[in-house]
Structures are given as C-alpha cells and as structure tokens.
Amino acid sequence: MRLLSLVALPILSRVAAAASFSPYTLDDVQGDISTYLNHNATQQARAVSNFGCDLACGFLAFTLPHTVAFRNSSIYDFQENRYWSQQQEFTRPTCRFSPTRAEDVSLAILTFRVTQCKFAVKSGGHGAFSGASNIQDGVTVDLIHLTDVKLSKDKKVASIGAGNTWYNVYEKLTPQNLTVVGGRVSPIGVGGLTLGGGISFFSARYGWACDNVHNYQVVLADGSIRDVHPKSCNKDLYWALRGGGNNFAVVTRLDLETYPQGDMWAGSQTYINTPETSKAINQAFEDFAIKSPEDDYAQIITAYAYAQTQGIYVIASDLQYGKPVANPPILQNFTAIPGAIMDTLRIVDLPSLTQEFNATNPYGFRKTYWTYTFKNSAALMDEIVAIYMEEVEKVKDAPGIVPSAVFQPITTSMTKHFAKNGGNPLGLEGQGPLTLVNIDISWTKISDDTRIFAAAQAIVDRSVAAAKARGLDHPYLYQNYASQKQDVFASYGEANLAKLRSISKKYDPDQVLQRLQPGYFKLH
C-alpha cells in the first residue's frame, strides 16, 4: 500500500461486514508517512517541538480530505465550543480530526503510533476536567460525524454511532414507541456515558447502559476493526468495555437493545431547604431505595443546591415514572411533602425530559465533579447535607457559583441486571441498596479554581469519613461522576482491576491507549 493507493483505498462491503478486519497495517502507514514526509515536510517543520502531532495532522489532512480542522479555522472553533466545561473548551489541540467511518479511526490510531502523537477521543464532550475528551497540543478525534441511528429489521436492536448525543437517539426512537437504556441529559454523548456504566431512567427495569449493549464496533490499538459481543471470541473484551472506559479501544458504534416506551410521568418538585423538609425528603429517599423492587418503573434523584441570586439553599426532588400514570403510589412519600415552590411533574416524552434536565446543566462554566458511595441511610444523608452546606458557606461568594450535592439510589433492582451477558467489572453485582453521590460545582472565574476544588474535596473527604464512622462506607466510584483525582478502577476491587489490566495487555500489548491517550481514567 503506497500513499496514492491509500487515498483511494476501497473497503469492500464483504470485508467491512467481517467481525474483524484491518484496513491498514502499521508497516504500511509507516511507509506512507515517510513518503509524505519526504515530499511535504520542510526542514523548518522538522525543527518544531511538536513535530509528531504536526506531522500526524498534515498526513491525515492529505490522506483523508475534509476530516482535519486546524487552529484558527471556523470548524476548529465550532468544535471547541461544543464542550460542556470551560476546562475542556480552553484545551487547544494541534488539530481536530473528525472521522466519517471506523476505517478513518483505524488509520488515525496507526498514524498516532508512528508519529508518537498523543490524542483524545470525544463523543459528547460532557467531561468536567481538562483532558477528559480534549488534549492540549495533541490531536482530538471528534466523533461528531458518527451519528447514524438505525433499527434492525425486527426493531430489537438500534445501531448507534458513537458520536451521537442521547437527545438525537431518543428523537429517532420515540416515534417508534421505542427507547434504549441511555443518558438523562440531552447533549451527553453515547460513547462516554456507556463506557463508564450509564445510569438511566429505566435502569431499575433493565440495568445500566453498559448492560444493554448487544455489540460494540471498536478499533483496537493495532488498527483492526472488530465486533465485540458476549458470544464473540473476544468476550473478555466485551466484559471490560462495560465500565472500563477508554482503556481498550476506540468505540465507533454501539448496538443497543431496544425496549417499548411511550410517554412517562416525570419532572421536579423544588423546595426551600429547611431542616423539616430536608429530613422528610431524605427519609423518603431511604424508604424508596428499599421498596424500589416493588415497582421498577420508578426512579428518583435528590439534589441539594445553593441559589446564589436568592441567597438560599434549595432541594430539587426529581421523580420519574416510566408510565403515563400521575403520582404512582411508589412515589407518594415524596409528593406528599408540602411546600414545593415549583412543580414540573407532568406527562412528558423522553426527549423533552432530557432537555429539562439539561437546563440545570448549562454549558460555558468552569466545572468540577466528584463522587462517592455509601450504604442506604437517611441519617447519614442528613449529616452529609450539613457537611455540604458548611463547606459551601466558604465559597458561596464566588461569582456564578452553583454548588450541588446530588443523591441517587443504586437499588437491588439495578444491580440484579449486572450479571447479564457475563457480568461487568463494576464490582456491584447483587449489592444494594446503595446511595451514589455526585458533588457538582460550576463557577465562572479561573481565579476561584483552587478554593472551589478544595471545598469539593473537603465535602467528599468529610462525607466518606462520616460514612466510615457509621460503618456505612462503600468503595465504589462511578466513573462518569468522578474527579480526575479519584482512583476509579481501584474502586472496582483488586480482582476486577487485575483482570482489566490483563485484558488491556492482551489486546494492546504495547499499551498504546495508556501512553498515547493519556486523558480520562487510566488503568495504571
């Protein structure tokens, strides 16, 4: 394969349909980059400090026209503005590469290997910290064009490009009265959420998103394109992808199981945070976590927040019921609490509900996420809320700050599904009920970063200590809510971590995805 033949490389349909194929080889790409370098690179270019990534960008732009955006171009700026957090948006790669098919990703990975250029991969770009899905002076692979949503003939599986947002997926499936197990906020990406676990409105019935992947189409570090599913020869890789993050492959398509779903009853009741209301909601939370198996259509989220403009603490009691039935008995411990100052509960379709959730997660702010887990207890929730408020008092004057502590139950209804198709590496199978906490803070000024990070960590450290004092601590860290300072994979347990590392070395013996894709959470 020489450069001109590479540009016009035909990928035959019979090859593309194979379970595993390699459109390019490392040796061929090495030779073609050498040819490109001899004909296109100047001596001055060879002297720049970031020569490897400059070379990778130039080679990909020449080989795959219209896929590369360079700094100071309108496409580059548009794609940079599509990140949720300022930290990600302000990260500036050498170029952005937007593949249109898995074969393009294959060529890119081999190009990065030859040039030793570091890279990141973006699905929806909803990570909070710099480097999660963008990379300074490297190459960001933006899956923005991988947005197909196709139903199988029997409508039991939806093939979804990894560059989709959940809103786009639900918009395509809702007219069919179908859904998949996926995200709850409209612009979150399909790829990142699913690889981290993926809690859904429907998780009590079907498990998390990672438990409902029929097949992953992936590109491995050797450039090969594979289908990975529980009946494939690489079922160990399937296990690892169900919560193992970006450590094993670049996922280009997910085939998700579909389920019947029409309108639902959902929304939020908002209260001023008084001791009486907080105690009532926390007790309702504990009771629900225990009783959840009685009605798997219900799910809840309880969020404490500080409203800076009003100078008050509020509680948002988010309720969801998977049928168009108002105020079902399983949720009446919440709806019976008096004093709501706002109520959006109504019959609603799924796309509209994800847009409502997105309204409380605006773009353009600095962000930090932290997480921890404890065993179900209203009394411990009371203590953690007090800790949260004490630490927020120290930083509540920061311009634009919106600090929140979000509680969600991990019920036995959810974890019973974790054994499906060979299990997942999360270490939670059959456990519960547990309470998952997300400390979520946004603000506007970089100058406030240090003290806000310190406040967030103090909330977590003090809360974990309180849980340990009561014998209610749990090690699990949910990847999609974790801080870059938290050791996600250690929280899965020693045996699962060792197995994940072994699988990584099996499919990526040179540890390319650990070395050249340094962002987000790594196994080492």
# chains A, B, ... in the order shown; residues from 1 in each chain; ligands from 1
$ residues_around --residues "Pro509 of chain A" --least-positions-apart "4" --cutoff "12 Å" --atoms "only C-alpha atoms" --output "number ranges by chain"
A: 220-222, 248, 501-505, 513-515
$ write_last_selection --atoms "C-alpha atoms" --output "mmCIF file, in the first residue's frame"
data_model
loop_
_atom_site.group_PDB
_atom_site.id
_atom_site.type_symbol
_atom_site.label_atom_id
_atom_site.label_comp_id
_atom_site.auth_asym_id
_atom_site.auth_seq_id
_atom_site.Cartn_x
_atom_site.Cartn_y
_atom_site.Cartn_z
ATOM 1 C CA LEU A 220 -8.104 -1.634 18.572
ATOM 2 C CA ALA A 221 -4.615 -0.248 19.051
ATOM 3 C CA ASP A 222 -3.340 -2.388 16.150
ATOM 4 C CA PHE A 248 -9.245 -0.822 25.493
ATOM 5 C CA ARG A 501 -5.150 -4.752 33.255
ATOM 6 C CA SER A 502 -4.656 -8.257 31.880
ATOM 7 C CA ILE A 503 -7.256 -7.702 29.149
ATOM 8 C CA SER A 504 -5.659 -4.353 28.288
ATOM 9 C CA LYS A 505 -2.270 -6.019 27.771
ATOM 10 C CA LEU A 513 -4.049 3.536 24.705
ATOM 11 C CA GLN A 514 -2.402 4.007 28.093
ATOM 12 C CA ARG A 515 0.566 6.020 26.748
#
$ residues_around --residues "Tyr372 of chain A" --least-positions-apart "4" --cutoff "9 Å" --atoms "only C-alpha atoms" --output "PyMOL selection string"
chain A and resi 435-439+460+463-464+473-478+481-482
$ residues_around --residues "Val512 of chain A" --least-positions-apart "6" --cutoff "12 Å" --atoms "only C-alpha atoms" --output "list in words"
Ile109, Leu110, Thr111, Phe112, Arg113, Val114, Gln116, Cys117, Lys118, Phe119, Leu220, Ala221, Asp222, Gly223, Asn246, Asn247, Phe248, Ala249, Val250, Ser504, Lys505, Lys506, Pro518 and Lys522 of chain A
$ write_last_selection --atoms "N, CA and C atoms" --output "mmCIF file, in the first residue's frame"
data_model
loop_
_atom_site.group_PDB
_atom_site.id
_atom_site.type_symbol
_atom_site.label_atom_id
_atom_site.label_comp_id
_atom_site.auth_asym_id
_atom_site.auth_seq_id
_atom_site.Cartn_x
_atom_site.Cartn_y
_atom_site.Cartn_z
ATOM 1 N N ILE A 109 -5.301 5.955 14.411
ATOM 2 C CA ILE A 109 -4.593 5.319 15.521
ATOM 3 C C ILE A 109 -3.197 4.871 15.086
ATOM 4 N N LEU A 110 -3.095 4.280 13.899
ATOM 5 C CA LEU A 110 -1.788 3.851 13.417
ATOM 6 C C LEU A 110 -0.891 5.052 13.128
ATOM 7 N N THR A 111 -1.490 6.130 12.658
ATOM 8 C CA THR A 111 -0.727 7.359 12.440
ATOM 9 C C THR A 111 -0.167 7.893 13.755
ATOM 10 N N PHE A 112 -0.975 7.880 14.796
ATOM 11 C CA PHE A 112 -0.507 8.341 16.105
ATOM 12 C C PHE A 112 0.616 7.441 16.623
ATOM 13 N N ARG A 113 0.521 6.165 16.351
ATOM 14 C CA ARG A 113 1.576 5.255 16.795
ATOM 15 C C ARG A 113 2.894 5.560 16.090
ATOM 16 N N VAL A 114 2.828 5.781 14.785
ATOM 17 C CA VAL A 114 4.046 6.060 14.024
ATOM 18 C C VAL A 114 4.666 7.389 14.445
ATOM 19 N N GLN A 116 4.027 9.025 17.267
ATOM 20 C CA GLN A 116 4.042 9.159 18.726
ATOM 21 C C GLN A 116 3.317 10.426 19.171
ATOM 22 N N CYS A 117 2.247 10.734 18.475
ATOM 23 C CA CYS A 117 1.415 11.886 18.815
ATOM 24 C C CYS A 117 0.333 11.462 19.803
ATOM 25 N N LYS A 118 0.172 12.206 20.869
ATOM 26 C CA LYS A 118 -0.851 11.895 21.853
ATOM 27 C C LYS A 118 -2.210 12.409 21.373
ATOM 28 N N PHE A 119 -3.266 11.696 21.776
ATOM 29 C CA PHE A 119 -4.592 12.028 21.266
ATOM 30 C C PHE A 119 -5.658 11.838 22.334
ATOM 31 N N LEU A 220 -9.136 -1.319 17.592
ATOM 32 C CA LEU A 220 -8.104 -1.634 18.572
ATOM 33 C C LEU A 220 -6.827 -0.860 18.280
ATOM 34 N N ALA A 221 -5.878 -0.976 19.195
ATOM 35 C CA ALA A 221 -4.615 -0.248 19.051
ATOM 36 C C ALA A 221 -3.812 -0.706 17.848
ATOM 37 N N ASP A 222 -4.050 -1.919 17.344
ATOM 38 C CA ASP A 222 -3.340 -2.388 16.150
ATOM 39 C C ASP A 222 -4.038 -1.975 14.861
ATOM 40 N N GLY A 223 -5.100 -1.183 14.978
ATOM 41 C CA GLY A 223 -5.829 -0.700 13.812
ATOM 42 C C GLY A 223 -6.930 -1.609 13.337
ATOM 43 N N ASN A 246 -12.050 4.299 28.436
ATOM 44 C CA ASN A 246 -11.377 4.410 27.135
ATOM 45 C C ASN A 246 -10.072 3.633 27.057
ATOM 46 N N ASN A 247 -9.923 2.618 27.889
ATOM 47 C CA ASN A 247 -8.636 1.941 28.028
ATOM 48 C C ASN A 247 -8.387 0.816 27.036
ATOM 49 N N PHE A 248 -9.376 0.414 26.261
ATOM 50 C CA PHE A 248 -9.245 -0.822 25.493
ATOM 51 C C PHE A 248 -9.378 -0.643 23.989
ATOM 52 N N ALA A 249 -10.087 0.351 23.558
ATOM 53 C CA ALA A 249 -10.347 0.532 22.136
ATOM 54 C C ALA A 249 -11.051 1.872 21.947
ATOM 55 N N VAL A 250 -11.117 2.310 20.704
ATOM 56 C CA VAL A 250 -11.983 3.440 20.353
ATOM 57 C C VAL A 250 -13.288 2.851 19.838
ATOM 58 N N SER A 504 -6.297 -5.464 28.986
ATOM 59 C CA SER A 504 -5.659 -4.353 28.288
ATOM 60 C C SER A 504 -4.361 -4.810 27.627
ATOM 61 N N LYS A 505 -3.546 -5.564 28.340
ATOM 62 C CA LYS A 505 -2.270 -6.019 27.771
ATOM 63 C C LYS A 505 -2.471 -7.060 26.673
ATOM 64 N N LYS A 506 -3.551 -7.817 26.759
ATOM 65 C CA LYS A 506 -3.835 -8.813 25.726
ATOM 66 C C LYS A 506 -4.164 -8.148 24.394
ATOM 67 N N PRO A 518 -3.639 9.721 27.049
ATOM 68 C CA PRO A 518 -3.422 9.827 28.494
ATOM 69 C C PRO A 518 -4.608 10.354 29.275
ATOM 70 N N LYS A 522 -7.212 6.054 33.716
ATOM 71 C CA LYS A 522 -6.371 5.004 33.171
ATOM 72 C C LYS A 522 -6.218 3.862 34.180
#
$ residues_around --residues "Thr115 of chain A" --least-positions-apart "4" --cutoff "8 Å" --atoms "only C-alpha atoms" --output "VMD selection string"
chain A and resid 52 to 53 55 to 56 111
$ write_last_selection --atoms "C-alpha atoms" --output "mmCIF file, in the first residue's frame"
data_model
loop_
_atom_site.group_PDB
_atom_site.id
_atom_site.type_symbol
_atom_site.label_atom_id
_atom_site.label_comp_id
_atom_site.auth_asym_id
_atom_site.auth_seq_id
_atom_site.Cartn_x
_atom_site.Cartn_y
_atom_site.Cartn_z
ATOM 1 C CA GLY A 52 4.945 14.400 15.730
ATOM 2 C CA CYS A 53 1.450 15.875 16.031
ATOM 3 C CA LEU A 55 3.074 15.522 11.062
ATOM 4 C CA ALA A 56 0.039 13.444 12.087
ATOM 5 C CA THR A 111 -0.727 7.359 12.440
#
$ closest_residue --among "A:Leu37, A:Ile199, A:Ile315, A:Val213" --to "Gln299 of chain A" --atoms "only C-alpha atoms"
A:Ile199
$ select_by_dssp --residues "segment 232-473 of chain A" --states "strand (DSSP E or B)" --output "PyMOL selection string"
chain A and resi 250-257+259-260+264-272+298-307+312-321+342-343+346-348+365-375+402-410+434-443+473
$ closest_atom_pairs --of "segment 382-491 of chain A" --to "segment 79-101 of chain A" --cutoff "12 Å" --atoms "only C-alpha atoms" --output "Markdown table"
| residue | atom | partner | partner_atom | distance |
| --- | --- | --- | --- | --- |
| A:Asp440 | CA | A:Ser85 | CA | 11.8 |
| A:Ile441 | CA | A:Ser85 | CA | 10.9 |
| A:Ser442 | CA | A:Ser85 | CA | 8.6 |
| A:Trp443 | CA | A:Gln86 | CA | 9.7 |
| A:Thr444 | CA | A:Gln86 | CA | 8.8 |
| A:Lys445 | CA | A:Gln86 | CA | 9.9 |
| A:Ile446 | CA | A:Gln87 | CA | 9.4 |
| A:Asp449 | CA | A:Gln87 | CA | 10.6 |
$ write_last_selection --atoms "C-alpha atoms" --output "JSON list (two decimals), in the first residue's frame"
[["chain", "number", "residue", "atom", "x", "y", "z"],
["A", 440, "ASP", "CA", -21.26, 19.04, 41.13],
["A", 441, "ILE", "CA", -20.00, 22.63, 41.22],
["A", 442, "SER", "CA", -19.88, 25.23, 38.45],
["A", 443, "TRP", "CA", -18.47, 28.76, 38.58],
["A", 444, "THR", "CA", -17.11, 31.46, 36.28],
["A", 445, "LYS", "CA", -13.60, 32.64, 37.25],
["A", 446, "ILE", "CA", -10.34, 30.71, 36.94],
["A", 449, "ASP", "CA", -10.42, 27.27, 40.97]]
$ closest_atom_pairs --of "segment 381-500 of chain A" --to "segment 265-288 of chain A" --cutoff "9 Å" --atoms "only C-alpha atoms" --output "tab-separated table"
residue	atom	partner	partner_atom	distance
A:Met381	CA	A:Asn282	CA	6.4
A:Asp382	CA	A:Lys279	CA	6.7
A:Val385	CA	A:Ser278	CA	8.6
A:Phe407	CA	A:Phe285	CA	8.9
A:Gln408	CA	A:Phe285	CA	8.6
A:Pro409	CA	A:Phe285	CA	7.9
A:Pro433	CA	A:Glu286	CA	9.0
A:Thr435	CA	A:Glu286	CA	8.9
$ closest_residue --among "A:Ser20, A:Gln136, A:Thr194, A:Thr147" --to "Lys172 of chain A" --atoms "only C-alpha atoms"
A:Thr147
$ select_by_dssp --residues "segment 53-236 of chain A" --states "helix (DSSP H, G or I)" --output "NGL selection string"
:A and (53-63 or 74-80 or 86-89 or 102-115 or 166-176 or 190-195 or 203-206 or 209-212 or 235-236)
$ atom_distance --atom1 "atom CA of Ala162 of chain A" --atom2 "atom CA of Gly364 of chain A"
23.3 Å
$ atom_distance --atom1 "atom CA of Thr35 of chain A" --atom2 "atom CA of Thr63 of chain A"
11.9 Å
$ closest_residue --among "A:Thr412, A:Gln479, A:Gln484, A:Thr258" --to "Gly519 of chain A" --atoms "only C-alpha atoms"
A:Gln484
$ atom_distance --atom1 "atom CA of Val406 of chain A" --atom2 "atom CA of Tyr304 of chain A"
6.2 Å
$ residues_around --residues "segment 148-154 of chain A" --least-positions-apart "4" --cutoff "12 Å" --atoms "only C-alpha atoms" --output "mmCIF file with C-alpha atoms, in the first residue's frame"
data_model
loop_
_atom_site.group_PDB
_atom_site.id
_atom_site.type_symbol
_atom_site.label_atom_id
_atom_site.label_comp_id
_atom_site.auth_asym_id
_atom_site.auth_seq_id
_atom_site.Cartn_x
_atom_site.Cartn_y
_atom_site.Cartn_z
ATOM 1 C CA THR A 100 -16.665 9.554 8.969
ATOM 2 C CA ARG A 101 -16.224 5.789 9.429
ATOM 3 C CA LEU A 143 -16.721 11.584 16.515
ATOM 4 C CA ILE A 144 -19.142 14.354 15.508
ATOM 5 C CA ALA A 158 -30.614 0.082 17.490
ATOM 6 C CA SER A 159 -27.196 0.613 15.874
ATOM 7 C CA ILE A 160 -25.974 3.964 17.141
ATOM 8 C CA GLY A 161 -22.881 5.886 16.065
ATOM 9 C CA ALA A 162 -20.643 6.769 18.999
ATOM 10 C CA GLY A 163 -20.783 10.471 18.132
ATOM 11 C CA ASN A 164 -24.494 10.717 18.891
ATOM 12 C CA THR A 165 -25.989 12.592 21.796
ATOM 13 C CA TRP A 166 -28.802 10.904 23.675
ATOM 14 C CA TYR A 167 -31.307 13.527 22.566
ATOM 15 C CA ASN A 168 -30.640 12.633 18.932
ATOM 16 C CA VAL A 169 -31.079 8.934 19.701
ATOM 17 C CA TYR A 170 -34.341 9.443 21.568
ATOM 18 C CA GLU A 171 -35.685 11.749 18.854
ATOM 19 C CA LYS A 172 -35.200 8.950 16.329
ATOM 20 C CA LEU A 173 -36.678 6.185 18.506
ATOM 21 C CA GLN A 176 -41.379 4.196 17.039
ATOM 22 C CA LEU A 178 -39.079 2.561 21.494
ATOM 23 C CA THR A 179 -36.146 3.543 23.657
ATOM 24 C CA VAL A 180 -32.717 2.339 24.699
ATOM 25 C CA VAL A 190 -23.486 7.951 23.774
ATOM 26 C CA HIS A 214 -25.733 -6.009 22.149
ATOM 27 C CA THR A 252 -17.223 3.751 16.858
ATOM 28 C CA ARG A 253 -20.684 2.174 17.082
ATOM 29 C CA LEU A 254 -22.859 0.678 19.794
ATOM 30 C CA ASP A 255 -25.693 -1.721 19.035
ATOM 31 C CA LEU A 256 -28.130 -1.294 21.923
ATOM 32 C CA GLU A 257 -31.123 -3.407 22.853
ATOM 33 C CA THR A 258 -34.409 -1.556 22.414
ATOM 34 C CA TYR A 259 -37.456 -1.589 24.663
#
$ closest_residue --among "A:Gly124, A:Pro399, A:Gly471, A:Pro351" --to "Arg184 of chain A" --atoms "only C-alpha atoms"
A:Pro351
$ residues_around --residues "Gly197 of chain A" --least-positions-apart "4" --cutoff "9 Å" --atoms "only C-alpha atoms" --output "ChimeraX atom specification"
/A:192-193,208-211,242-245,426,478-480
